[in-house]
Each structure stands twice: as C-alpha cells, then as structure tokens.
Amino acid sequence: MSRVVAVAPVLAGHRYEQAEITARLGPLLSSDPGRLAALARFHGASSVRTRHLALPLARYADLRSFGDANDLFLTIGANLAEDAVRHALTAADLAPTDVDFLLFTTVTGVGAPSIDALLVERLGLRPDVKRLPSFGLGCVAGASGIARVHDYLVGHPDDVALVVSVELCSLTIQHGDDSTANLVSSGLFGDGAAAVVMVGDRRAAGREGVDVIETRSGVYPDTSGMLGWDVGGSGFRIVLGAGLADVVGTHLRTDVETLLAPHGAAVADVAAWVAHPGGPRILDAAAQALTLGEHALDRSRRSLAAVGNLSSSSVLHVLADTLVDGAPPPGGLAVLFAFGPGVSAEVVLMRRPEEV
C-alpha cells in the first residue's frame, strides 16, 4: 500500500480567454480563410474557456526554433516544478531532505540534465535521492507516475516519494501547420505542472490522504499511430487520430472492471472518478463506457474549461480538486484514469482510509 498525502497543482503565468488565443494564434498557423474558419470551429467546440500559457501571446509569433522553445521549456518548467514541489512538501509537512525517490515526467521538452536533476540543488534534496525522468508517456504519465511510484513504495514502505509533472504544451507551436490535428490541438492544450507527495505504508500513519490500492496498465492493439508526436526539425508535431474516443469507449470499461474485481467491487461502487480531461469527446466516451451519471466527471469537465488539457499534469490537477472536495468519503473508492500514446492507459484504484 502507498498513500497520496499532498497534491500541488500550478499553472503557467499568462492567462487568456479562448477567443483571444484563437485570434492571435490563427494567423501563425494558416493564411487560408477556410482553415481559419475551421480553427475557430474547433476551438469553439473544445469546451475550453480559458488557458494559461508559458509566454505572453505576442511572443509566439517569434517562437520558430525548436532550440529556443526547448530552452524556454527548461527555464520556465524548472521554475514551475520547483514551485509545485515546495507547495506539495509544505502541505505534507515534509522537508526536501525527507524525499527518497523522485519520478519526473514531461512530453513537451527535453533536457540532460533533466529538470528533476536541477531540482536537487534548487530544493535542497539529498544528493542520494533516487531519480527517474520519463519522456514519451504523454497524457497518461500523471496516472502512470502515481502507479509506478506506488510500485516503488510497496517495496520501500518507509520512504517518501514525489511525482513531478511539467507540461508546456504551447511551446510546441508549429508555424504554418494547418492540419486538422494541429488546429484541434491548438485549441485544447494549456501549460502547467503538478507535484504529488506519496509515502509508503509505514510512513503513512497519522497522515491524511488516499491510499493507492491497485493499478492496471494497458496498451491497446493497432493504435500506435493514433496519438503522439511526429518529431522533426521544427520540434514536436502533434499526431491526433479522429478515432481516439472510440478506442476509449471500446476498452475503458474492461480495464476498470478488471481492476475492481479482485476487491469485490463494481463500477457502481466507485464514489469518485478522477478522469484525465483529454477533451469533451474523450470524457463523453468514458462516461458512456462506464454508464456514469450526468455529473460524475464534473471535476474533469470544469478543469478542461478552466485550464484546458495540461497533458500529464491534467489528471493530477483533477486529483487535487477531488481531494479538496473531500472525495471520496472515508472508506470510499476512487478510480483515476488517463490515456496516452500507444494508445496506452493507466487506471488507479484508491480508497480513503476510515481513520489515519
């Protein structure tokens, strides 16, 4: 068993209404009136009202080099990661020197040393802290990070661990790309980060939080070309297949039921759903597959509207909102899930303890 004892979501510093983003970014992606009209339709149908961006909108016109974008990712991303970790450790009443293991994930920038290494000195982590940087899991990585840290803590029940996610999606802008995938994604993704503090079983006594009970991973057949990056000289070009929601609808219920069955639970027994807000069609497909009530995914829908899809950070922001709301109740179950390239999925079963 492991326990999530704190989650700290943070957002990039520049907040804009969706309509303003559409107006400013459109001319950078296309000069074709028909494609600009399509852009406006896609952005309007995204269910996103506002987003936080890493840069002021005016600066994206000059952001044409992958090298420049990646330099900004490392600078801004490290600052957001540091902020998130400091808030999370404070909420957990722990010091940086208490941290034994750090899993860092991103899919929107690269670095060697990676941001987790930069955090050691900036935060005052111990020099012997174990680190595992991850790239390529994409939107599923927030859920997968919790799952893999849980695996670690099962074997290290006295340890303290961090999951740190940084995603600056706007820095992957592709000038002159008016493909449907790019027009859709340019209206969906925002910038943010999150840090999660987890502790092992013997470290959990007396600490509020939710216990991670079990996890399930999946890679779905014949879907590898449906979601991800096409990496080239201009950086990261989005790959986004139209059938992604159908994949979710086909596979999610089986994954969830398989996760719940060993614990004598069914879908109807889940008190709180922590769904990655990948987009309105993804959330609709998940709700339909699980036959959920009208308001079961409201936290995810509110997050999508307020900040957009933050890739791997998004499900962690929804988890933070869930815990702030006191869900699930004592003894109640929660299921957290997300999807990423592969197409892959991670489903995590949690329970709030009756007493701490």
# chains A, B, ... in the order shown; residues from 1 in each chain; ligands from 1

call {"tool": "residues_around", "arguments": {"residues": "stretch 59-67 of chain A", "least_positions_apart": "5", "cutoff": "10 Å", "atoms": "only C-alpha atoms", "output": "VMD selection string"}}
result
chain A and resid 24 to 25 27 to 29 54 72 to 73 109 170 to 175 232 to 236

call {"tool": "write_last_selection", "arguments": {"atoms": "C-alpha atoms", "output": "CSV table (one decimal), in the first residue's frame"}}
result
chain,number,residue,atom,x,y,z
A,24,ARG,CA,-3.8,35.6,-32.1
A,25,LEU,CA,-2.6,32.1,-32.9
A,27,PRO,CA,-2.6,33.7,-38.4
A,28,LEU,CA,0.5,31.8,-37.2
A,29,LEU,CA,-0.9,28.5,-38.3
A,54,ALA,CA,4.1,29.9,-20.7
A,72,LEU,CA,12.3,28.2,-22.6
A,73,PHE,CA,10.8,24.9,-21.5
A,109,GLY,CA,10.6,19.4,-23.7
A,170,SER,CA,2.2,25.9,-26.1
A,171,LEU,CA,5.9,25.9,-26.7
A,172,THR,CA,5.4,23.1,-29.2
A,173,ILE,CA,3.7,25.5,-31.6
A,174,GLN,CA,4.1,24.6,-35.3
A,175,HIS,CA,4.0,27.7,-37.5
A,232,GLY,CA,11.4,16.7,-36.7
A,233,GLY,CA,13.5,19.8,-37.3
A,234,SER,CA,10.7,22.1,-36.0
A,235,GLY,CA,10.2,20.1,-32.9
A,236,PHE,CA,7.1,18.2,-31.9

call {"tool": "closest_atom_pairs", "arguments": {"of": "stretch 23-102 of chain A", "to": "stretch 115-139 of chain A", "cutoff": "12 Å", "atoms": "only C-alpha atoms", "output": "Markdown table"}}
result
| residue | atom | partner | partner_atom | distance |
| --- | --- | --- | --- | --- |
| A:Asn70 | CA | A:Ile115 | CA | 12.0 |
| A:Asp71 | CA | A:Ile115 | CA | 11.7 |
| A:Phe73 | CA | A:Ile115 | CA | 9.7 |
| A:Leu74 | CA | A:Ile115 | CA | 6.9 |
| A:Thr75 | CA | A:Ile115 | CA | 9.1 |
| A:Ile76 | CA | A:Ile115 | CA | 10.3 |
| A:Gly77 | CA | A:Ile115 | CA | 7.5 |
| A:Ala78 | CA | A:Ile115 | CA | 5.8 |
| A:Asn79 | CA | A:Leu119 | CA | 9.2 |
| A:Leu80 | CA | A:Ile115 | CA | 10.3 |
| A:Ala81 | CA | A:Leu119 | CA | 7.8 |
| A:Glu82 | CA | A:Leu119 | CA | 6.5 |
| A:Asp83 | CA | A:Leu123 | CA | 9.5 |
| A:Ala84 | CA | A:Leu123 | CA | 11.0 |
| A:Val85 | CA | A:Leu123 | CA | 8.3 |
| A:Arg86 | CA | A:Leu123 | CA | 7.6 |
| A:His87 | CA | A:Leu123 | CA | 11.4 |
| A:Leu89 | CA | A:Leu123 | CA | 10.5 |
| A:Leu94 | CA | A:Leu125 | CA | 11.6 |
| A:Ala95 | CA | A:Leu125 | CA | 8.6 |
| A:Pro96 | CA | A:Leu125 | CA | 4.9 |
| A:Thr97 | CA | A:Leu125 | CA | 5.1 |
| A:Asp98 | CA | A:Leu125 | CA | 7.9 |
| A:Val99 | CA | A:Val129 | CA | 6.8 |
| A:Asp100 | CA | A:Val129 | CA | 5.1 |
| A:Phe101 | CA | A:Lys130 | CA | 4.6 |
| A:Leu102 | CA | A:Arg131 | CA | 4.8 |

call {"tool": "write_last_selection", "arguments": {"atoms": "C-alpha atoms", "output": "PDB file, in the first residue's frame"}}
result
ATOM      1  CA  ASN A  70      13.240  23.949 -25.552  1.00  0.00           C
ATOM      2  CA  ASP A  71      15.441  26.477 -23.736  1.00  0.00           C
ATOM      3  CA  PHE A  73      10.837  24.870 -21.513  1.00  0.00           C
ATOM      4  CA  LEU A  74      13.814  24.156 -19.275  1.00  0.00           C
ATOM      5  CA  THR A  75      13.822  27.620 -17.690  1.00  0.00           C
ATOM      6  CA  ILE A  76      10.085  28.061 -17.153  1.00  0.00           C
ATOM      7  CA  GLY A  77       9.498  24.382 -16.481  1.00  0.00           C
ATOM      8  CA  ALA A  78      12.108  24.204 -13.735  1.00  0.00           C
ATOM      9  CA  ASN A  79      10.535  27.210 -12.034  1.00  0.00           C
ATOM     10  CA  LEU A  80       7.058  25.681 -12.149  1.00  0.00           C
ATOM     11  CA  ALA A  81       8.351  22.326 -10.925  1.00  0.00           C
ATOM     12  CA  GLU A  82      10.150  23.955  -8.003  1.00  0.00           C
ATOM     13  CA  ASP A  83       7.025  25.895  -7.074  1.00  0.00           C
ATOM     14  CA  ALA A  84       4.831  22.779  -7.219  1.00  0.00           C
ATOM     15  CA  VAL A  85       7.204  20.664  -5.121  1.00  0.00           C
ATOM     16  CA  ARG A  86       7.616  23.343  -2.463  1.00  0.00           C
ATOM     17  CA  HIS A  87       3.850  23.677  -2.098  1.00  0.00           C
ATOM     18  CA  LEU A  89       6.010  19.283   0.623  1.00  0.00           C
ATOM     19  CA  LEU A  94       7.732  17.260   4.991  1.00  0.00           C
ATOM     20  CA  ALA A  95      11.156  18.692   4.189  1.00  0.00           C
ATOM     21  CA  PRO A  96      13.079  18.284   0.920  1.00  0.00           C
ATOM     22  CA  THR A  97      15.584  16.097   2.760  1.00  0.00           C
ATOM     23  CA  ASP A  98      12.776  13.637   3.534  1.00  0.00           C
ATOM     24  CA  VAL A  99      12.384  12.742  -0.154  1.00  0.00           C
ATOM     25  CA  ASP A 100      13.849   9.369  -1.128  1.00  0.00           C
ATOM     26  CA  PHE A 101      12.571   8.988  -4.700  1.00  0.00           C
ATOM     27  CA  LEU A 102      11.542  11.437  -7.448  1.00  0.00           C
TER      28      LEU A 102
END

call {"tool": "closest_residue", "arguments": {"among": "A:Met198, A:Leu333, A:Leu252, A:Cys169", "to": "A:Thr108", "atoms": "only C-alpha atoms"}}
result
A:Cys169

call {"tool": "select_by_dssp", "arguments": {"residues": "stretch 15-237 of chain A", "states": "strand (DSSP E)", "output": "MDAnalysis selection string"}}
result
chainID A and resid 15:17 50:53 101:106 130:135 160:168 191:200 210:219 227:232 235:237

call {"tool": "atom_distance", "arguments": {"atom1": "atom CA of A:Pro330", "atom2": "atom CA of A:Leu283"}}
result
26.3 Å
